[in-house]
Amino acid sequence: MSHASTTAESEDSSTIDTALSTESRDDRSSRPDETVIRSSGLDVYYGEDQALDGIDMEIPARKVTALIGPSGCGKSTFLRSINRMNDLIDVARVDGDLYFRRKNVYDADVDPVALRRKIGMVFQKPNPFPKSIRDNVAYGLRVQGKTDDVDGRIEEALRGAALWDEVEDRLGESGLELSGGQQQRLCIARAIATDPEVILMDEPASALDPVATAKIEDLIEDLAREYTVVIVTHNMQQAARISDKTAVFLTGGNLVEFGDTNEVFSNPENDRVEDYITGKFG
Amino acid sequence: MSTDTDSDTAITAGVARADRVRDRRVRRTLFGCAAITVVTTLAIFAVLVDNGFSYFYGVKLHEAVLGATLDQQVSLTEFVTGTRWAPDHARPSHGILPIVYGTLAITVGSAFVSIPIGTATAIYLSEYASPGVRSKLKPTLEVLAGIPTIVYGFFAISFVTPFFISPAGDLLGYNAGRYNLLAGCIVVGVMTIPMVSSLSEDAMSAVPDDLRNAAYGLGATKFDVSLRVVLPASISGVFASYILAVSRAIGETMAVTLAAGQQAQITGNPFNEIMTMTAYMVSMARGESAVGTVEYQSLFAVGMVLFVMTLTMNLINDWIKRRYREVYQ
């Protein structure tokens with residue numbers, strides 16, 4: 001992993017697109033532990049308030065990395081700084097480096113729109129567009145100009161999101177007609193339809209009932225075979241169940257522990273993390 | 001709400017009763033105020049129908065109901081199909097089509113100005129403008145909406161027509177009149193931009209950020225988000241603003257009277273003078289025709305047609321609101 005990060009620093013002049021075009025999917029699958037996202041000394045401020053304080057993290061390819069911690073600890077802020085969604089907040093300011101493969105996404109020549117086409121996102125509250133199921137999945141394809149074989153891509157995405165069997169004969173109905181869990185899977189289908197490399201999930205199951213949550217969790221484990229998944233969750237059991245790596249943030253925007261999920265949960269190095277993990281579920 | 005009336009005297013005291021009485025009075029007063037608008041509308045409608053009837057049949061509707069004999073003065077067929085409007089002429093003629101055409105031409109022409117510019121302004125304000133720009137632009141638009149319409153009319157004859165329309169007419173080989181249809185369309189269009197932009201922006205701002213985030217997260221540009229997410233999601237409010245602007249253009253009076261003139265004719269040439277229904281009503285109401293004459297009573301018939309047109313727009317507005325109601329989460 002340290003090798004990957006050296007590479008990232010040495011070639012940071014390439015753009016997001018050229019950095020990616022040098023590798024096909026086959027190349028990626030040959031190096032499953034490669035670091036896809038690496039942050040180094042990342043600070044985020046909202047006006048005067050510091051939300052993240054010097055975050056260093058390396059997120060491996062095609063694994064599930066969970067970000068956990070109490071409310072207001074900065075885990076969602078970190079997630080949103082990966083695809084520069086924080087740009088949409090007027091008062092947000094970012095210092096430090098965040099590399100997507102070999103490219104610092106905060107370099108001046110990076111187009112956040114192009115970046116977000118490589119890094120999909122699923123939000124806390126299911127947010128399908130008030131359009132048909134088909135148009136919801138096709139939206140990303142349309143804005144990204146991927147207009148060949150749209151129907152095929154829609155079916156593939158809906159199958160990938162384990163929703164196809166439930167909606168295949170009513171693709172014309174509004175996405176808002178679906179149940180909450182189905183809506184969230186529709187949002188996942190929408191995110192994977194454009195074939196991103198990374199999928200960011202911001203507490204994707206927190207608004208869902210236990211049955212729908214279980215389906216989403218199964219789905220996340222499946223998605224990690226093909227995509228790099230970064231998921232924010234309040235639910236530590238969920239993090240323990242589905243993630244390969246766990247990052248624990250504590251108040252003040254500090255990353256206090258990062259490592260293999262088994263290690264973090266069974267043998268945390270930091271006492272505060274142990275208190276946090278055992279205090280809630282011990 | 002009645003208070004409990006069981007054994008505990010503390011909660012059935014006279015104070016509560018006094019409050020209840022006052023509450024009832026307040027409710028009646030408020031209802032009275034609300035009722036004024038309904039009564040006024042009904043009264044206007046009644047007067048229009050009553051007097052409009054006498055334009056055609058010589059006697060008012062209530063007189064006819066009471067047994068007065070009808071004396072046909074204007075045939076309904078001529079009114080709706082005739083193409084010459086001159087009720088006060090020595091050789092009178094009662095075809096309303098030229099002034100209906102004038103009104104519709106102004107309405108459609110001004111919509112070509114107000115709808116594109118107003119919608120673009122709304123999208124800019126809602127999606128693109130920084131808070132600083134928005135805080136200056138919005139009050140400016142509201143000032144535009146507050147300018148008296150007669151000022152727009154004056155603006156048309158003293159500025160728009162001589163400096164823009166006349167030169168343009170010369171260039172194209174037309175002789176633009178001092179009053180012309182094009183000037184009317186432009187000033188009424190500009191006048192109604194704030195209605196479109198302000199109401200559309202309200203509708204767009206009401207679209208939840210969840211939807212914007214979803215689109216941005218998929219790599220959408222601001223333009224994609226504006227046109228493919230925000231505009232479709234707010235379409236009912238946006239259409240409502242169009243209808244309101246169009247209704248306003250139909251009823252607009254002083255600006256069009258000054259800008260577009262008072263010559264009733266059906267013409268495809270935008271440099272020609274026309275007359276709208278409202279402009280006719282202005283000239284007739286301040287003219288010399290005696291109250292009760294056919295030409296004077298034509299006011300009510302024209303008013304009736306105008307009333308029906310704006311009512312139709314309101315009904316369309318209601319239908320659109322129901323048909324394209326915003327459905328968010």
# chains A, B, ... in the order shown; residues from 1 in each chain; ligands from 1
$ interface_residues --of "chain A" --to "chain B" --cutoff "10 Å" --atoms "only C-alpha atoms" --output "ChimeraX atom specification"
/A:80,83-85,88,90,111-131,139-144,176,187,190-194,196,200
$ write_last_selection --atoms "N, CA and C atoms" --output "compact mmCIF listing (two decimals), in the first residue's frame"
# COMPACT_ATOMS: atom_id res chain seq x y z
N ARG A 80 -18.09 13.28 1.68
CA ARG A 80 -18.45 14.27 0.67
C ARG A 80 -17.24 15.00 0.10
N ASN A 83 -15.80 13.12 -3.39
CA ASN A 83 -16.28 13.48 -4.73
C ASN A 83 -16.59 14.98 -4.83
N ARG A 84 -16.04 15.75 -3.93
CA ARG A 84 -16.16 17.20 -3.94
C ARG A 84 -17.61 17.69 -3.91
N MET A 85 -18.47 16.94 -3.22
CA MET A 85 -19.83 17.44 -3.02
C MET A 85 -19.81 18.63 -2.07
N LEU A 88 -20.45 22.25 -3.17
CA LEU A 88 -21.78 22.82 -3.33
C LEU A 88 -22.18 23.64 -2.11
N ASP A 90 -21.44 26.70 0.15
CA ASP A 90 -20.69 27.94 -0.07
C ASP A 90 -19.56 28.14 0.94
N ASP A 111 -11.99 18.77 -12.86
CA ASP A 111 -13.38 19.19 -13.01
C ASP A 111 -14.22 18.32 -12.08
N PRO A 112 -14.86 18.94 -11.08
CA PRO A 112 -15.65 18.12 -10.14
C PRO A 112 -16.74 17.31 -10.83
N VAL A 113 -17.25 17.83 -11.95
CA VAL A 113 -18.28 17.08 -12.67
C VAL A 113 -17.69 15.77 -13.21
N ALA A 114 -16.48 15.85 -13.78
CA ALA A 114 -15.82 14.63 -14.30
C ALA A 114 -15.51 13.67 -13.15
N LEU A 115 -15.08 14.24 -12.02
CA LEU A 115 -14.76 13.42 -10.85
C LEU A 115 -15.99 12.64 -10.39
N ARG A 116 -17.14 13.33 -10.33
CA ARG A 116 -18.35 12.67 -9.83
C ARG A 116 -18.86 11.62 -10.79
N ARG A 117 -18.41 11.67 -12.03
CA ARG A 117 -18.79 10.61 -12.97
C ARG A 117 -18.00 9.33 -12.72
N LYS A 118 -16.88 9.45 -12.00
CA LYS A 118 -16.10 8.27 -11.64
C LYS A 118 -16.47 7.75 -10.26
N ILE A 119 -17.06 8.63 -9.45
CA ILE A 119 -17.35 8.29 -8.06
C ILE A 119 -18.83 8.52 -7.80
N GLY A 120 -19.61 7.45 -7.79
CA GLY A 120 -21.05 7.58 -7.60
C GLY A 120 -21.39 7.79 -6.14
N MET A 121 -22.62 8.22 -5.88
CA MET A 121 -22.99 8.49 -4.50
C MET A 121 -24.42 8.07 -4.22
N VAL A 122 -24.64 7.52 -3.03
CA VAL A 122 -25.97 7.16 -2.57
C VAL A 122 -26.18 7.88 -1.24
N PHE A 123 -27.35 8.49 -1.10
CA PHE A 123 -27.57 9.38 0.04
C PHE A 123 -28.37 8.71 1.15
N GLN A 124 -28.43 9.41 2.29
CA GLN A 124 -29.10 8.88 3.47
C GLN A 124 -30.58 8.64 3.21
N LYS A 125 -31.23 9.69 2.70
CA LYS A 125 -32.66 9.55 2.41
C LYS A 125 -32.79 9.15 0.95
N PRO A 126 -33.57 8.10 0.65
CA PRO A 126 -33.74 7.75 -0.77
C PRO A 126 -34.24 8.98 -1.53
N ASN A 127 -33.57 9.33 -2.62
CA ASN A 127 -33.96 10.54 -3.34
C ASN A 127 -34.14 10.30 -4.83
N PRO A 128 -35.05 9.38 -5.20
CA PRO A 128 -35.30 9.21 -6.62
C PRO A 128 -35.89 10.49 -7.21
N PHE A 129 -35.64 10.72 -8.48
CA PHE A 129 -36.26 11.87 -9.15
C PHE A 129 -37.75 11.59 -9.33
N PRO A 130 -38.57 12.63 -9.38
CA PRO A 130 -40.00 12.40 -9.66
C PRO A 130 -40.21 12.03 -11.12
N LYS A 131 -39.59 10.95 -11.54
CA LYS A 131 -39.67 10.48 -12.91
C LYS A 131 -39.91 8.97 -12.85
N TYR A 139 -30.94 8.59 -15.98
CA TYR A 139 -30.54 10.00 -15.84
C TYR A 139 -29.02 10.18 -15.97
N GLY A 140 -28.29 9.38 -15.20
CA GLY A 140 -26.83 9.52 -15.23
C GLY A 140 -26.28 9.20 -16.62
N LEU A 141 -26.87 8.19 -17.27
CA LEU A 141 -26.43 7.83 -18.62
C LEU A 141 -26.62 9.01 -19.56
N ARG A 142 -27.76 9.67 -19.41
CA ARG A 142 -28.06 10.80 -20.32
C ARG A 142 -27.09 11.94 -20.08
N VAL A 143 -26.91 12.34 -18.80
CA VAL A 143 -26.04 13.51 -18.58
C VAL A 143 -24.60 13.18 -18.94
N GLN A 144 -24.24 11.90 -18.91
CA GLN A 144 -22.87 11.56 -19.26
C GLN A 144 -22.72 11.16 -20.72
N LEU A 176 -41.24 7.20 -7.31
CA LEU A 176 -41.78 7.53 -5.99
C LEU A 176 -42.86 6.55 -5.54
N CYS A 187 -31.90 4.06 -6.21
CA CYS A 187 -30.82 5.06 -6.18
C CYS A 187 -29.46 4.39 -6.38
N ARG A 190 -29.21 3.62 -10.00
CA ARG A 190 -28.92 4.86 -10.71
C ARG A 190 -27.43 5.18 -10.62
N ALA A 191 -26.85 4.92 -9.43
CA ALA A 191 -25.43 5.24 -9.25
C ALA A 191 -24.53 4.29 -10.02
N ILE A 192 -24.91 3.00 -10.11
CA ILE A 192 -24.01 2.05 -10.78
C ILE A 192 -24.26 1.96 -12.28
N ALA A 193 -25.37 2.57 -12.76
CA ALA A 193 -25.68 2.48 -14.19
C ALA A 193 -24.58 3.08 -15.04
N THR A 194 -23.93 4.11 -14.53
CA THR A 194 -22.89 4.78 -15.32
C THR A 194 -21.52 4.16 -15.09
N PRO A 196 -19.38 3.66 -12.35
CA PRO A 196 -18.31 4.41 -11.67
C PRO A 196 -17.30 3.43 -11.09
N LEU A 200 -19.88 5.93 -3.05
CA LEU A 200 -19.93 6.50 -1.71
C LEU A 200 -21.35 6.35 -1.19
$ residues_around --residues "Ile133 of chain A" --least-positions-apart "3" --cutoff "12 Å" --atoms "only C-alpha atoms" --output "ChimeraX atom specification"
/A:128-130,136-139,151,154-155,157-158,163-164,166-178,182-187,189-190
$ residues_around --residues "Glu142 of chain B" --least-positions-apart "5" --cutoff "12 Å" --atoms "only C-alpha atoms" --output "mmCIF file with N, CA and C atoms, in the first residue's frame"
data_model
loop_
_atom_site.group_PDB
_atom_site.id
_atom_site.type_symbol
_atom_site.label_atom_id
_atom_site.label_comp_id
_atom_site.auth_asym_id
_atom_site.auth_seq_id
_atom_site.Cartn_x
_atom_site.Cartn_y
_atom_site.Cartn_z
ATOM 1 N N SER B 135 -29.300 38.912 -3.798
ATOM 2 C CA SER B 135 -29.861 39.902 -2.880
ATOM 3 C C SER B 135 -30.000 41.269 -3.547
ATOM 4 N N LYS B 136 -29.307 41.479 -4.668
ATOM 5 C CA LYS B 136 -29.482 42.746 -5.391
ATOM 6 C C LYS B 136 -30.504 42.616 -6.525
ATOM 7 N N LEU B 137 -30.466 41.460 -7.185
ATOM 8 C CA LEU B 137 -31.307 41.288 -8.369
ATOM 9 C C LEU B 137 -32.789 41.156 -8.009
ATOM 10 N N ILE B 147 -43.591 49.409 -10.971
ATOM 11 C CA ILE B 147 -43.719 50.623 -11.783
ATOM 12 C C ILE B 147 -45.137 50.720 -12.336
ATOM 13 N N MET B 191 -42.936 44.149 -18.708
ATOM 14 C CA MET B 191 -43.692 44.395 -17.492
ATOM 15 C C MET B 191 -44.029 43.108 -16.749
ATOM 16 N N THR B 192 -44.242 42.010 -17.500
ATOM 17 C CA THR B 192 -44.663 40.762 -16.865
ATOM 18 C C THR B 192 -43.491 39.819 -16.573
ATOM 19 N N ILE B 193 -42.269 40.217 -16.956
ATOM 20 C CA ILE B 193 -41.098 39.386 -16.612
ATOM 21 C C ILE B 193 -41.027 39.109 -15.105
ATOM 22 N N PRO B 194 -41.207 40.134 -14.253
ATOM 23 C CA PRO B 194 -41.080 39.854 -12.815
ATOM 24 C C PRO B 194 -42.094 38.838 -12.302
ATOM 25 N N MET B 195 -43.294 38.806 -12.895
ATOM 26 C CA MET B 195 -44.280 37.823 -12.435
ATOM 27 C C MET B 195 -43.772 36.424 -12.740
ATOM 28 N N VAL B 196 -43.272 36.234 -13.964
ATOM 29 C CA VAL B 196 -42.768 34.916 -14.343
ATOM 30 C C VAL B 196 -41.550 34.563 -13.494
ATOM 31 N N SER B 197 -40.595 35.486 -13.404
ATOM 32 C CA SER B 197 -39.337 35.136 -12.740
ATOM 33 C C SER B 197 -39.549 34.926 -11.246
ATOM 34 N N SER B 198 -40.354 35.775 -10.633
ATOM 35 C CA SER B 198 -40.492 35.676 -9.185
ATOM 36 C C SER B 198 -41.225 34.398 -8.775
ATOM 37 N N LEU B 199 -42.371 34.120 -9.425
ATOM 38 C CA LEU B 199 -43.128 32.917 -9.055
ATOM 39 C C LEU B 199 -42.395 31.649 -9.468
#
$ residues_around --residues "segment 60-66 of chain A" --least-positions-apart "3" --cutoff "8 Å" --atoms "only C-alpha atoms" --output "list of chain:residue names"
A:Pro32, A:Asp33, A:Glu34, A:Thr35, A:Val36, A:Ile37, A:Ile220, A:Glu221, A:Ala224, A:Arg225, A:Glu226, A:Tyr227, A:Thr228, A:Val229, A:Val230, A:Ile231, A:Val232, A:Thr233, A:Ala239, A:Ile242, A:Ser243, A:Asp244, A:Lys245, A:Thr246, A:Ala247
$ select_by_dssp --residues "segment 56-266 of chain A" --states "helix (DSSP H, G or I)" --output "NGL selection string"
:A and (75-82 or 85-88 or 112-118 or 133-143 or 150-160 or 164-167 or 175-177 or 180-193 or 210-223 or 236-242 or 261-266)
$ atom_distance --atom1 "atom CA of Tyr55 of chain B" --atom2 "atom CA of Leu70 of chain B"
11.0 Å
$ closest_residue --among "A:Asp271, A:Glu58, A:Glu217, A:Asp87" --to "Val256 of chain A" --atoms "only C-alpha atoms"
A:Asp271
